[in-house]
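Asker: My structure file run.txt, compact mmCIF, C-alpha atoms, is below:
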```txt
# COMPACT_ATOMS: atom_id res chain seq x y z
CA MET A 11 112.94 126.86 110.54
CA LYS A 12 116.35 126.10 109.03
CA TYR A 13 116.31 123.90 105.88
CA LEU A 14 112.64 124.78 105.33
CA ASP A 15 112.18 128.55 105.22
CA GLU A 16 115.05 129.42 102.89
CA TYR A 17 113.70 126.96 100.31
CA HIS A 18 110.70 129.24 99.90
CA ASP A 19 112.82 132.21 98.75
CA ASP A 20 110.79 134.13 96.16
CA GLN A 21 113.78 135.60 94.36
CA VAL A 22 115.45 132.23 93.85
CA ALA A 23 112.15 130.66 92.82
CA ARG A 24 111.55 133.39 90.24
CA ALA A 25 115.06 133.00 88.84
CA LEU A 26 114.58 129.22 88.49
CA LEU A 27 111.25 129.77 86.72
CA HIS A 28 112.96 132.14 84.27
CA ARG A 29 115.66 129.53 83.62
CA ILE A 30 113.00 126.90 82.96
CA GLU A 31 111.21 129.24 80.53
CA ALA A 32 114.48 129.97 78.75
CA THR A 33 115.37 126.27 78.49
CA VAL A 34 112.13 124.78 77.18
CA THR A 35 111.58 124.63 73.42
CA ARG A 36 109.09 121.75 73.20
CA PRO A 37 106.28 120.20 75.27
CA TRP A 38 107.43 117.83 78.00
CA THR A 39 105.56 115.71 80.54
CA ILE A 40 107.25 115.19 83.91
CA MET A 41 105.97 113.06 86.77
CA GLU A 42 106.74 113.85 90.40
CA VAL A 43 106.81 110.50 92.17
CA CYS A 44 106.04 111.51 95.76
CA GLY A 45 102.77 112.69 97.21
CA GLY A 46 104.72 115.15 99.37
CA GLN A 47 106.06 116.73 96.19
CA THR A 48 102.54 116.81 94.70
CA HIS A 49 101.27 118.74 97.71
CA THR A 50 104.02 121.39 97.44
CA ILE A 51 103.41 121.71 93.68
CA VAL A 52 99.68 122.22 94.06
CA ARG A 53 99.89 124.36 97.22
CA GLU A 54 102.47 126.72 95.67
CA GLY A 55 100.77 126.60 92.26
CA ILE A 56 104.03 125.49 90.60
CA ASP A 57 102.10 123.64 87.86
CA GLN A 58 100.31 126.90 87.01
CA LEU A 59 103.49 129.03 87.08
CA LEU A 60 105.40 126.80 84.65
CA PRO A 61 105.39 127.49 80.93
CA ASP A 62 102.49 125.74 79.17
CA ALA A 63 104.94 123.38 77.49
CA VAL A 64 105.86 121.75 80.80
CA GLU A 65 103.15 119.52 82.20
CA LEU A 66 103.45 117.92 85.62
CA VAL A 67 101.57 114.69 86.24
CA HIS A 68 101.19 113.27 89.70
CA GLY A 69 102.71 109.96 90.67
CA PRO A 70 101.81 106.95 92.81
CA GLY A 71 103.96 107.93 95.80
CA CYS A 72 101.21 108.07 98.38
CA PRO A 73 101.36 104.97 100.58
CA VAL A 74 97.88 105.51 101.93
CA CYS A 75 96.48 105.72 98.40
CA VAL A 76 98.04 102.54 97.05
CA THR A 77 97.27 100.27 100.01
CA PRO A 78 94.77 97.79 98.52
CA LEU A 79 91.14 97.88 99.52
CA SER A 80 91.34 94.24 100.64
CA VAL A 81 94.10 95.17 103.12
CA ILE A 82 92.06 98.09 104.48
CA ASP A 83 89.15 95.68 104.90
CA HIS A 84 91.50 93.23 106.63
CA ALA A 85 92.61 95.96 109.04
CA LEU A 86 88.95 96.75 109.77
CA GLU A 87 88.27 93.06 110.38
CA LEU A 88 91.18 92.90 112.86
CA ALA A 89 90.17 96.15 114.58
CA ARG A 90 86.73 94.72 115.31
CA ARG A 91 88.15 91.72 117.18
CA PRO A 92 87.60 92.34 120.89
CA GLU A 93 91.13 91.28 121.93
CA VAL A 94 92.86 93.46 119.30
CA THR A 95 94.29 96.96 119.64
CA LEU A 96 94.93 98.21 116.13
CA CYS A 97 97.71 100.81 115.94
CA SER A 98 97.98 102.92 112.82
CA PHE A 99 99.45 106.11 111.45
CA GLY A 100 96.78 108.81 111.61
CA ASP A 101 96.19 109.20 107.90
CA MET A 102 95.04 105.59 107.45
CA LEU A 103 92.01 106.14 109.67
CA ARG A 104 89.79 107.87 107.16
CA VAL A 105 90.76 105.75 104.15
CA PRO A 106 87.56 104.16 102.89
CA GLY A 107 87.35 100.39 103.00
CA SER A 108 84.61 98.75 100.99
CA SER A 109 81.93 99.66 103.52
CA ASP A 110 83.60 101.39 106.46
CA ASP A 111 86.75 103.14 107.69
CA LEU A 112 88.87 102.77 110.83
CA LEU A 113 87.62 106.03 112.31
CA ARG A 114 84.01 104.85 112.18
CA ALA A 115 85.04 101.43 113.48
CA ARG A 116 86.64 103.24 116.44
CA ALA A 117 83.49 105.27 117.01
CA ALA A 118 81.59 101.96 117.05
CA GLY A 119 83.81 100.66 119.86
CA ALA A 120 86.89 99.17 118.18
CA ASP A 121 90.21 99.82 119.95
CA VAL A 122 92.00 101.80 117.23
CA ARG A 123 94.92 103.98 118.29
CA ILE A 124 96.97 106.49 116.34
CA VAL A 125 100.73 106.18 116.73
CA TYR A 126 103.40 108.65 115.66
CA SER A 127 106.20 106.07 115.51
CA PRO A 128 105.93 102.28 115.03
CA LEU A 129 107.92 101.97 118.28
CA ASP A 130 104.88 103.42 120.08
CA ALA A 131 102.92 100.32 119.03
CA VAL A 132 105.63 98.06 120.48
CA ARG A 133 105.53 100.08 123.71
CA ILE A 134 101.74 99.61 123.95
CA ALA A 135 102.18 95.85 123.48
CA ALA A 136 104.79 95.77 126.25
CA GLU A 137 102.65 97.84 128.62
CA GLU A 138 99.36 96.04 127.93
CA PRO A 139 100.14 92.32 127.80
CA ASP A 140 96.44 91.40 127.79
CA ARG A 141 95.89 93.15 124.47
CA THR A 142 96.92 91.80 121.07
CA VAL A 143 98.53 94.76 119.35
CA VAL A 144 98.34 94.79 115.56
CA PHE A 145 100.42 97.50 113.90
CA PHE A 146 99.19 98.53 110.45
CA ALA A 147 102.56 98.71 108.66
CA VAL A 148 102.07 100.55 105.39
CA GLY A 149 104.52 102.73 103.53
CA PHE A 150 107.35 103.02 101.04
CA GLU A 151 111.09 102.57 101.53
CA THR A 152 111.09 105.63 103.84
CA THR A 153 108.90 103.91 106.43
CA ALA A 154 110.44 100.46 106.07
CA PRO A 155 113.42 101.01 108.42
CA ALA A 156 111.10 102.23 111.20
CA ASN A 157 108.65 99.37 110.73
CA ALA A 158 111.44 96.79 110.48
CA THR A 159 112.99 98.15 113.66
CA ALA A 160 109.65 97.86 115.48
CA VAL A 161 109.28 94.19 114.50
CA ARG A 162 112.87 93.44 115.49
CA GLN A 163 112.40 95.20 118.81
CA ALA A 164 109.22 93.20 119.51
CA ARG A 165 111.24 90.02 118.91
CA ASP A 166 114.12 91.22 121.10
CA LEU A 167 111.66 92.02 123.90
CA GLY A 168 110.10 88.55 123.52
CA LEU A 169 106.64 90.03 122.91
CA THR A 170 104.05 87.50 121.81
CA ASN A 171 101.17 90.00 121.74
CA PHE A 172 102.57 92.13 118.90
CA CYS A 173 102.19 91.59 115.17
CA ALA A 174 102.10 93.71 112.04
CA LEU A 175 99.77 93.83 109.05
CA ILE A 176 102.31 94.53 106.33
CA ALA A 177 101.45 96.39 103.13
CA HIS A 178 104.87 97.74 102.17
CA VAL A 179 105.49 98.95 98.64
CA LEU A 180 108.59 99.93 96.64
CA VAL A 181 109.00 102.86 94.26
CA PRO A 182 111.17 101.55 91.36
CA PRO A 183 108.73 98.77 90.24
CA ALA A 184 105.89 101.33 90.17
CA MET A 185 107.97 103.65 87.99
CA MET A 186 108.70 100.73 85.64
CA ALA A 187 104.99 99.84 85.48
CA ILE A 188 104.14 103.42 84.53
CA LEU A 189 106.85 103.62 81.88
CA THR A 190 105.96 100.28 80.27
CA SER A 191 102.21 100.96 80.17
CA PRO A 192 100.91 101.56 76.61
CA ALA A 193 99.15 104.69 77.92
CA ASN A 194 102.37 106.16 79.36
CA ARG A 195 103.01 109.88 78.82
CA VAL A 196 105.82 110.36 81.33
CA GLN A 197 109.11 111.55 79.81
CA ALA A 198 111.02 112.33 82.99
CA PHE A 199 110.71 111.74 86.73
CA LEU A 200 111.28 113.93 89.73
CA GLY A 201 112.63 111.10 91.87
CA PRO A 202 111.68 110.46 95.48
CA GLY A 203 114.11 112.42 97.65
CA HIS A 204 113.52 110.65 100.94
CA VAL A 205 113.27 107.16 99.43
CA CYS A 206 116.72 107.80 97.96
CA THR A 207 117.92 109.17 101.31
CA VAL A 208 117.26 105.66 102.67
CA MET A 209 118.00 103.45 99.65
CA GLY A 210 120.42 105.45 97.48
CA TRP A 211 119.87 105.48 93.75
CA ALA A 212 121.49 102.37 92.26
CA ASP A 213 118.00 101.03 91.39
CA TYR A 214 117.18 104.12 89.34
CA THR A 215 120.17 103.94 86.98
CA PRO A 216 118.78 101.01 84.91
CA ILE A 217 115.37 102.75 84.74
CA ALA A 218 116.93 105.97 83.43
CA SER A 219 119.18 104.28 80.90
CA GLY A 220 116.87 101.37 79.97
CA CYS A 221 113.77 103.50 79.41
CA ARG A 222 115.71 106.62 78.34
CA VAL A 223 114.07 108.88 80.93
CA PRO A 224 115.83 111.42 83.13
CA VAL A 225 115.40 110.70 86.85
CA VAL A 226 116.13 113.80 88.93
CA ILE A 227 116.20 113.09 92.66
CA THR A 228 114.30 116.01 94.11
CA GLY A 229 113.41 117.46 97.49
CA PHE A 230 110.09 118.70 98.78
CA GLU A 231 110.16 122.48 99.11
CA LEU A 232 109.32 125.14 96.50
CA VAL A 233 112.92 125.79 95.46
CA ASP A 234 113.76 122.07 95.53
CA LEU A 235 110.97 121.30 93.07
CA LEU A 236 111.83 124.14 90.70
CA GLU A 237 115.47 123.05 90.79
CA GLY A 238 114.40 119.47 89.98
CA ILE A 239 112.13 120.60 87.15
CA LEU A 240 114.91 122.74 85.66
CA ALA A 241 117.30 119.78 85.77
CA ALA A 242 114.70 117.49 84.18
CA VAL A 243 113.86 119.85 81.29
CA THR A 244 117.57 120.54 80.74
CA GLN A 245 118.22 116.79 80.35
CA LEU A 246 115.17 116.40 78.09
CA GLU A 247 116.19 119.30 75.85
CA GLU A 248 119.75 117.96 75.61
CA GLY A 249 118.59 114.41 74.92
CA ARG A 250 120.19 113.02 78.10
CA HIS A 251 118.64 110.44 80.40
CA GLU A 252 120.62 110.17 83.60
CA VAL A 253 120.07 109.91 87.32
CA GLU A 254 120.94 113.30 88.75
CA ASN A 255 120.84 114.13 92.46
CA HIS A 256 119.35 117.51 93.32
CA TYR A 257 118.68 116.66 96.95
CA ALA A 258 122.34 116.57 97.89
CA ARG A 259 121.78 117.82 101.44
CA ALA A 260 120.03 114.52 102.27
CA ALA A 261 120.38 111.83 99.57
CA ARG A 262 123.68 110.00 99.07
CA PRO A 263 124.58 107.39 96.41
CA ASP A 264 124.27 104.39 98.73
CA GLY A 265 121.54 105.88 100.93
CA ASN A 266 121.63 105.12 104.66
CA PRO A 267 123.50 101.79 105.11
CA GLY A 268 122.25 101.17 108.67
CA ALA A 269 118.63 101.74 107.70
CA ARG A 270 119.00 99.52 104.63
CA GLN A 271 120.53 96.78 106.75
CA VAL A 272 117.55 96.50 109.13
CA VAL A 273 115.14 96.47 106.17
CA GLU A 274 117.18 93.67 104.58
CA GLU A 275 117.25 91.73 107.87
CA VAL A 276 113.50 91.85 108.53
CA PHE A 277 111.88 92.09 105.09
CA GLU A 278 112.12 90.32 101.74
CA PRO A 279 110.70 91.39 98.36
CA CYS A 280 107.32 90.05 97.26
CA ASP A 281 104.66 90.66 94.62
CA ARG A 282 102.21 93.25 95.86
CA ALA A 283 98.80 94.57 94.78
CA TRP A 284 98.56 98.37 94.47
CA ARG A 285 95.18 99.97 94.94
CA GLY A 286 93.89 101.16 91.57
CA ILE A 287 96.88 99.71 89.69
CA GLY A 288 96.92 95.95 90.28
CA VAL A 289 99.59 93.41 91.19
CA LEU A 290 103.16 94.44 90.34
CA PRO A 291 105.91 91.81 90.54
CA SER A 292 108.51 92.27 93.32
CA SER A 293 106.96 95.62 94.21
CA GLY A 294 106.49 95.07 97.93
CA LEU A 295 108.10 93.84 101.11
CA ARG A 296 106.95 91.08 103.45
CA LEU A 297 108.39 89.68 106.65
CA ARG A 298 111.15 87.11 106.26
CA PRO A 299 110.32 83.61 107.54
CA ALA A 300 112.38 84.25 110.70
CA PHE A 301 109.85 86.94 111.64
CA ALA A 302 106.71 85.00 110.57
CA ALA A 303 105.45 84.96 114.16
CA PHE A 304 104.90 88.72 113.85
CA ASP A 305 102.84 88.51 110.66
CA ALA A 306 99.25 89.56 111.43
CA ALA A 307 98.04 88.13 108.12
CA ARG A 308 99.26 84.69 109.21
CA ARG A 309 97.95 84.96 112.72
CA PHE A 310 94.53 86.26 111.63
CA PRO A 311 93.90 85.36 107.98
CA ARG A 312 91.30 87.49 106.26
CA THR A 313 87.82 85.97 106.15
CA GLY A 314 85.70 88.68 104.52
CA PRO A 315 84.38 88.67 100.95
CA GLU A 316 86.21 90.10 97.92
CA THR A 317 85.83 93.84 97.70
CA ARG A 318 85.20 96.40 95.01
CA GLU A 319 86.06 100.08 94.53
CA HIS A 320 83.39 102.76 94.27
CA GLU A 321 82.37 102.86 90.60
CA LEU A 322 82.91 106.62 90.18
CA CYS A 323 86.43 106.70 91.64
CA ILE A 324 89.27 107.08 89.09
CA ALA A 325 92.10 106.82 91.64
CA GLY A 326 93.92 104.20 89.54
CA ALA A 327 94.22 106.51 86.52
CA ILE A 328 95.27 109.40 88.78
CA LEU A 329 97.96 107.34 90.53
CA GLN A 330 99.46 106.40 87.16
CA GLY A 331 99.47 109.95 85.80
CA ARG A 332 96.75 109.23 83.22
CA ALA A 333 94.20 111.58 84.79
CA LYS A 334 94.19 114.49 87.21
CA PRO A 335 91.90 114.90 90.21
CA ASP A 336 89.78 117.55 88.50
CA ASP A 337 89.09 115.13 85.60
CA CYS A 338 86.91 113.13 88.01
CA ALA A 339 83.14 113.59 87.88
CA ALA A 340 82.92 113.11 91.64
CA PHE A 341 85.77 115.53 92.59
CA GLY A 342 84.66 118.16 95.08
CA SER A 343 81.02 117.14 94.92
CA LEU A 344 80.39 113.47 95.73
CA CYS A 345 84.00 113.03 96.86
CA THR A 346 85.46 115.41 99.45
CA PRO A 347 87.89 114.96 102.37
CA GLU A 348 84.83 114.75 104.64
CA HIS A 349 83.22 112.04 102.49
CA PRO A 350 85.98 110.48 100.39
CA LEU A 351 85.18 107.87 97.75
CA GLY A 352 88.84 107.03 97.18
CA ALA A 353 92.08 107.10 99.14
CA PRO A 354 93.78 110.02 97.26
CA MET A 355 91.11 112.35 98.71
CA VAL A 356 92.06 111.31 102.24
CA SER A 357 95.78 111.25 102.60
CA SER A 358 98.01 114.21 103.37
CA GLU A 359 99.91 113.01 100.30
CA GLY A 360 96.97 112.23 98.01
CA ALA A 361 96.68 114.24 94.79
CA CYS A 362 92.90 114.72 95.15
CA ALA A 363 93.30 116.06 98.71
CA ALA A 364 96.03 118.43 97.46
CA TYR A 365 93.73 119.83 94.75
CA PHE A 366 90.84 120.14 97.19
CA ALA A 367 92.95 121.86 99.86
CA ALA A 368 94.24 124.36 97.28
CA GLY A 369 90.67 125.21 96.29
CA ARG A 370 91.07 123.95 92.73
CA PRO A 371 87.63 123.93 91.11
CA ALA A 372 86.08 120.83 89.58
CA ARG A 373 86.56 120.95 85.82
CA GLN A 374 83.24 120.98 84.00
CA GLY A 375 83.03 118.50 81.15
CA GLY A 376 86.63 117.39 81.64
CA ASP A 377 87.97 114.61 79.46
CA PRO A 378 87.05 111.22 80.82
CA PRO A 379 90.10 109.35 82.04
CA VAL A 380 91.68 106.61 79.95
CA MET B 4 102.63 109.79 106.80
CA CYS B 5 105.42 109.62 104.26
CA LEU B 6 106.59 113.16 104.99
CA GLY B 7 110.08 113.83 106.26
CA VAL B 8 110.62 116.94 108.35
CA PRO B 9 113.94 118.59 109.27
CA GLY B 10 114.65 119.31 112.92
CA ARG B 11 117.60 120.06 115.19
CA ILE B 12 118.91 117.58 117.74
CA GLN B 13 118.64 118.96 121.30
CA ASP B 14 120.01 116.02 123.25
CA ILE B 15 121.05 112.42 122.73
CA ASP B 16 120.57 109.34 124.92
CA ASP B 17 122.98 106.55 124.06
CA SER B 18 122.12 104.40 127.07
CA ALA B 19 119.05 102.64 125.62
CA ALA B 20 119.11 99.69 123.22
CA LEU B 21 118.18 102.09 120.43
CA ARG B 22 119.92 105.46 120.25
CA THR B 23 117.31 108.16 120.86
CA GLY B 24 117.25 111.92 121.24
CA THR B 25 115.07 114.99 121.45
CA VAL B 26 114.59 116.84 118.20
CA ASP B 27 113.26 120.39 117.94
CA PHE B 28 110.97 121.09 114.98
CA GLY B 29 110.64 124.86 115.02
CA GLY B 30 109.48 124.88 118.64
CA THR B 31 107.82 121.46 118.85
CA ARG B 32 110.00 118.86 120.54
CA ARG B 33 109.74 115.12 120.06
CA GLU B 34 111.60 111.99 120.99
CA VAL B 35 113.20 110.56 117.86
CA CYS B 36 115.03 107.29 117.17
CA LEU B 37 118.62 108.10 116.15
CA ALA B 38 119.71 104.48 115.60
CA TYR B 39 120.40 105.04 111.90
CA VAL B 40 122.34 108.28 112.29
CA PRO B 41 125.18 107.05 114.57
CA GLU B 42 127.28 110.02 113.40
CA ALA B 43 124.70 112.62 114.55
CA GLU B 44 125.68 115.07 117.27
CA VAL B 45 123.75 117.60 119.34
CA GLY B 46 123.08 120.63 117.14
CA ASP B 47 122.98 118.64 113.90
CA HIS B 48 119.92 118.89 111.69
CA VAL B 49 118.26 115.59 110.80
CA ILE B 50 115.35 114.62 108.56
CA VAL B 51 112.78 112.75 110.62
CA HIS B 52 110.14 110.40 109.31
CA VAL B 53 107.65 108.48 111.53
CA GLY B 54 109.85 109.08 114.56
CA PHE B 55 113.12 107.98 112.94
CA ALA B 56 115.96 110.19 111.74
CA LEU B 57 116.74 109.14 108.16
CA CYS B 58 119.87 111.25 107.68
CA VAL B 59 121.95 114.09 109.01
CA ILE B 60 121.57 117.09 106.71
CA ASP B 61 124.89 117.69 105.00
CA GLU B 62 125.62 121.34 105.81
CA VAL B 63 128.47 121.54 103.30
CA GLU B 64 126.30 120.23 100.44
CA ALA B 65 123.41 122.46 101.53
CA ALA B 66 125.67 125.54 101.52
CA ARG B 67 127.16 124.60 98.14
CA THR B 68 123.70 124.16 96.54
CA TRP B 69 122.48 127.36 98.10
CA ALA B 70 125.48 129.34 96.77
CA LEU B 71 124.67 128.06 93.26
CA LEU B 72 121.02 129.03 93.64
CA GLU B 73 121.94 132.51 94.84
CA GLU B 74 124.24 132.88 91.86
CA ILE B 75 121.32 132.00 89.58
CA ALA B 76 119.14 134.56 91.38
CA ALA B 77 121.82 137.30 91.15
CA LEU B 78 122.33 136.63 87.44
CA ASP B 79 118.58 136.72 86.91
CA ASP B 80 118.46 140.08 88.66
CA GLU B 81 121.28 141.44 86.50
CA LEU B 82 119.55 140.39 83.31
CA GLY B 83 116.51 142.30 84.56
CA ALA B 84 114.24 139.47 83.49
CA SER B 85 110.60 140.46 83.74
CA PRO B 86 108.60 138.83 86.54
```
Please go through the file and, once you have read it, give me the structure as C-alpha cells.

Answerer:
Amino acid sequence: MKYLDEYHDDQVARALLHRIEATVTRPWTIMEVCGGQTHTIVREGIDQLLPDAVELVHGPGCPVCVTPLSVIDHALELARRPEVTLCSFGDMLRVPGSSDDLLRARAAGADVRIVYSPLDAVRIAAEEPDRTVVFFAVGFETTAPANATAVRQARDLGLTNFCALIAHVLVPPAMMAILTSPANRVQAFLGPGHVCTVMGWADYTPIASGCRVPVVITGFELVDLLEGILAAVTQLEEGRHEVENHYARAARPDGNPGARQVVEEVFEPCDRAWRGIGVLPSSGLRLRPAFAAFDAARRFPRTGPETREHELCIAGAILQGRAKPDDCAAFGSLCTPEHPLGAPMVSSEGACAAYFAAGRPARQGGDPPV
Amino acid sequence: MCLGVPGRIQDIDDSAALRTGTVDFGGTRREVCLAYVPEAEVGDHVIVHVGFALCVIDEVEAARTWALLEEIAALDDELGASP
C-alpha cells in the first residue's frame, strides 16, 4: 500500500543504519514516545540492529496503558448497570481492572460494545433511545478531535442518553515528567508523529531548549524510525537540541487547525493521573462546563473502593523508560497477553505486548527495576 | 487504538453535517470522517485514526524526503559499505 510499503525498503534501511554507525562516537539513550513506534522497533528488531552505543527506551505513549486503574474500574462499574451500553475501542476490553476486565464483564451479561469510531457510539445512542450510552473516551491528542466531535454531535442532535467517561492525556507534560525525574536517562526523544500532525510542535520547542534534549518528530515505519534515530544521534553528537520534523509528509508546524479547534471548543486542560506514573499537572483534558451534561463521571460518580495494582507488575517503570519488559519477573510467565497483569501486555501499543509478540525471551536474573 | 493508517479516498459525501467519505486501506474500505481535511479530494491519501482523517499526506514533501533517502542509499552502495 502506498505510504506504507516503500518505508520498509531494505536498501534504504541498511544505508540509514550505516549512517547511524558512522555518526555515533559515544553512548546515547533515546526514547521513542509512541507505542506505535515501539511496536515497529521491536517487530523489525531495530533496537538489536543499532550499534551498542545507541539504546532505545520505550515511552509512555500508549493510551490504554496509562489509563488509571480507578478509571478502568469506573468503566466496569458503569458497564454493569442494566440501563448502560458501554462503548469502547477494542483494545480497552482486555485491560485488567483491579478484579475484572470489560471482556469478562461482557461475558457475564454487561452490554459492552466495541466501536471503531466515537461517532458509532453517538449513532447507537440515537438509534436506541432506551439505552444510556457511555463512551469510554481514552487517548492522546490524536484521539481528542474524534472524541470531541462525538460529544459535540451528541449535543447538536439533542441526545440526552449519551455521555462519555473521559480519560484523555497529553504528551508534552509526560515528556517533562520523564526529563525532570531524578532517575531520568533519556537524552533525546523520537517525538510523536501523529500527535504533532494534530497539534503541531510549538509545545515541544520549550522542552527541547529548556531541557537541552533533541526532539525529532518521527513517523511509524521502519525507514521513518531509522531516519528519526539518525537525526537524533546527529543532534546529540553535534551538541544541538532542537525540534526537527522528520515526518514532513504528515506533520506541519501548526498541526491541523480544524482538529485543534474542536478540541479547544469541547475540552479544557486538567490534572490527570497516569497509570503507573501518578498525577501530572495539566496533563489531561476534561469536558468544558458547557458540555458537563455529557460527562459520565458526573452523571454516575464512582462508588467502588480504592484500587491497587498487581504487586509484581512494573508497568510504571516501563512507561517511564526506567525498565524494559524483559526486566520483569512476571514477563512471559505469569503475565502474558492471555492473562495480563498490567496494561502494557494488553494493548496493541504496549511495550510488553510488543516484546511478547516478537518472541523476545524473558531475561533470567535481569536487573530489578528502579 | 492510537495507530494512524494511510488510505486513499474513494469518494466524498459533502451533504451530511460532517464531511465523510470512503477510504480504501489496501483493499479494505471504510467510512471515514473528513471534517478536518476540508482540502481533501478523491484520490488523495489521508492518515486515518479512529475513523477520522487527521491530515492529507503531502505528496510533494513525501517525494522530497524519499529522494533524499534514495540519495543516501545510492551513496551507501557506492561506498560499498559492508552489510

Asker: Counting only C-alpha atoms, which residues of chain B come no farther than 9 Å from chain A, as an NGL selection string?

Answerer: :B and (4-11 or 28-29 or 35-36 or 38-41 or 48-50 or 52-55 or 57-66 or 68 or 72-73 or 75-80 or 84-86)

Asker: Smallest atom-to-atom distance to Thr95 in chain A: which of A:Val143, A:Ile328, A:Ala120, A:Val52, using all atoms listed in the file?

Answerer: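 Closest candidate: A:Val143.
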
Asker: Please determine the residues with any atom at most 12 Å from (107.2, 120.4, 73.4) (coordinates as given in the file, with all atoms listed in the file counting) and report them as an MDAnalysis selection string.

Answerer: chainID A and resid 33:40 61:65 197 243 246:247

Asker: Between CA of Arg282 in chain A and CA of Gly326 in chain A, what is the distance in Å, rounded to a tenth?

Answerer: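 Computing it gives 15.1 Å between the two atoms.
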
Asker: Could you state the separation of CA of Ala306 in chain A and CA of Val181 in chain A in Å, given to one decimal place?

Answerer: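 Between CA of Ala306 in chain A and CA of Val181 in chain A the gap is 23.8 Å.
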
Asker: Take CA of Arg298 in chain A and CA of Leu21 in chain B and report the distance between them in Å, one decimal.

Answerer: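 So the two atoms, CA of Arg298 in chain A and CA of Leu21 in chain B, lie 21.8 Å apart.
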
Asker: Please determine, counting all atoms listed in the file, which residue among B:Ala56, B:Val51, B:Ala43, B:Leu37 has the shortest atom-to-atom distance to Gly24 in chain B.

Answerer: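 Smallest distance to Gly24 in chain B is found for B:Leu37.
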
Asker: For Trp69 in chain B, which of A:Asp234, A:Glu248, A:Glu278, A:Asp57 is the closest residue, counting only C-alpha atoms?

Answerer: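 Among the listed residues, the smallest separation from Trp69 in chain B belongs to A:Asp234.
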
Asker: Which of these, A:Ala177, A:Val253, A:Leu235, A:Ala184, has the shortest distance to Tyr214 in chain A once you count all atoms listed in the file?

Answerer: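 Among A:Ala177, A:Val253, A:Leu235, A:Ala184, it is A:Val253 that comes nearest to Tyr214 in chain A.
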
Asker: Find the residues with any atom within 12 Å of (83.6, 112.9, 96.3); use all atoms listed in the file and the coordinates as given in the file, and write the answer as a compact mmCIF listing (two decimals) with C-alpha atoms, in the coordinates of the input.

Answerer:
```txt
# COMPACT_ATOMS: atom_id res chain seq x y z
CA PRO A 106 87.56 104.16 102.89
CA HIS A 320 83.39 102.76 94.27
CA GLU A 321 82.37 102.86 90.60
CA LEU A 322 82.91 106.62 90.18
CA CYS A 323 86.43 106.70 91.64
CA ILE A 324 89.27 107.08 89.09
CA ALA A 325 92.10 106.82 91.64
CA PRO A 335 91.90 114.90 90.21
CA ASP A 336 89.78 117.55 88.50
CA CYS A 338 86.91 113.13 88.01
CA ALA A 339 83.14 113.59 87.88
CA ALA A 340 82.92 113.11 91.64
CA PHE A 341 85.77 115.53 92.59
CA GLY A 342 84.66 118.16 95.08
CA SER A 343 81.02 117.14 94.92
CA LEU A 344 80.39 113.47 95.73
CA CYS A 345 84.00 113.03 96.86
CA THR A 346 85.46 115.41 99.45
CA PRO A 347 87.89 114.96 102.37
CA GLU A 348 84.83 114.75 104.64
CA HIS A 349 83.22 112.04 102.49
CA PRO A 350 85.98 110.48 100.39
CA LEU A 351 85.18 107.87 97.75
CA GLY A 352 88.84 107.03 97.18
CA ALA A 353 92.08 107.10 99.14
CA PRO A 354 93.78 110.02 97.26
CA MET A 355 91.11 112.35 98.71
CA VAL A 356 92.06 111.31 102.24
CA CYS A 362 92.90 114.72 95.15
CA ALA A 363 93.30 116.06 98.71
CA PHE A 366 90.84 120.14 97.19
CA ALA A 372 86.08 120.83 89.58
```

Asker: How would range 154-165 of chain A of the given structure read as a file with N, CA and C atoms, as a compact mmCIF listing (two decimals), in the first residue's frame?

Answerer:
```
# COMPACT_ATOMS: atom_id res chain seq x y z
N ALA A 154 -8.31 12.95 20.49
CA ALA A 154 -9.12 14.03 21.05
C ALA A 154 -10.06 14.69 20.02
N PRO A 155 -9.62 14.97 18.78
CA PRO A 155 -10.56 15.58 17.84
C PRO A 155 -11.78 14.68 17.57
N ALA A 156 -11.55 13.39 17.45
CA ALA A 156 -12.65 12.45 17.19
C ALA A 156 -13.61 12.42 18.38
N ASN A 157 -13.05 12.31 19.58
CA ASN A 157 -13.91 12.24 20.76
C ASN A 157 -14.64 13.55 21.01
N ALA A 158 -13.96 14.67 20.77
CA ALA A 158 -14.61 15.98 20.92
C ALA A 158 -15.75 16.12 19.92
N THR A 159 -15.51 15.65 18.70
CA THR A 159 -16.54 15.75 17.66
C THR A 159 -17.77 14.91 18.05
N ALA A 160 -17.53 13.74 18.64
CA ALA A 160 -18.64 12.88 19.05
C ALA A 160 -19.50 13.58 20.10
N VAL A 161 -18.86 14.20 21.09
CA VAL A 161 -19.61 14.89 22.14
C VAL A 161 -20.39 16.07 21.54
N ARG A 162 -19.74 16.81 20.66
CA ARG A 162 -20.42 17.96 20.06
C ARG A 162 -21.60 17.50 19.20
N GLN A 163 -21.41 16.37 18.51
CA GLN A 163 -22.50 15.87 17.68
C GLN A 163 -23.68 15.40 18.55
N ALA A 164 -23.36 14.77 19.68
CA ALA A 164 -24.44 14.34 20.60
C ALA A 164 -25.23 15.56 21.07
N ARG A 165 -24.53 16.65 21.36
CA ARG A 165 -25.22 17.89 21.77
C ARG A 165 -26.07 18.42 20.62
```
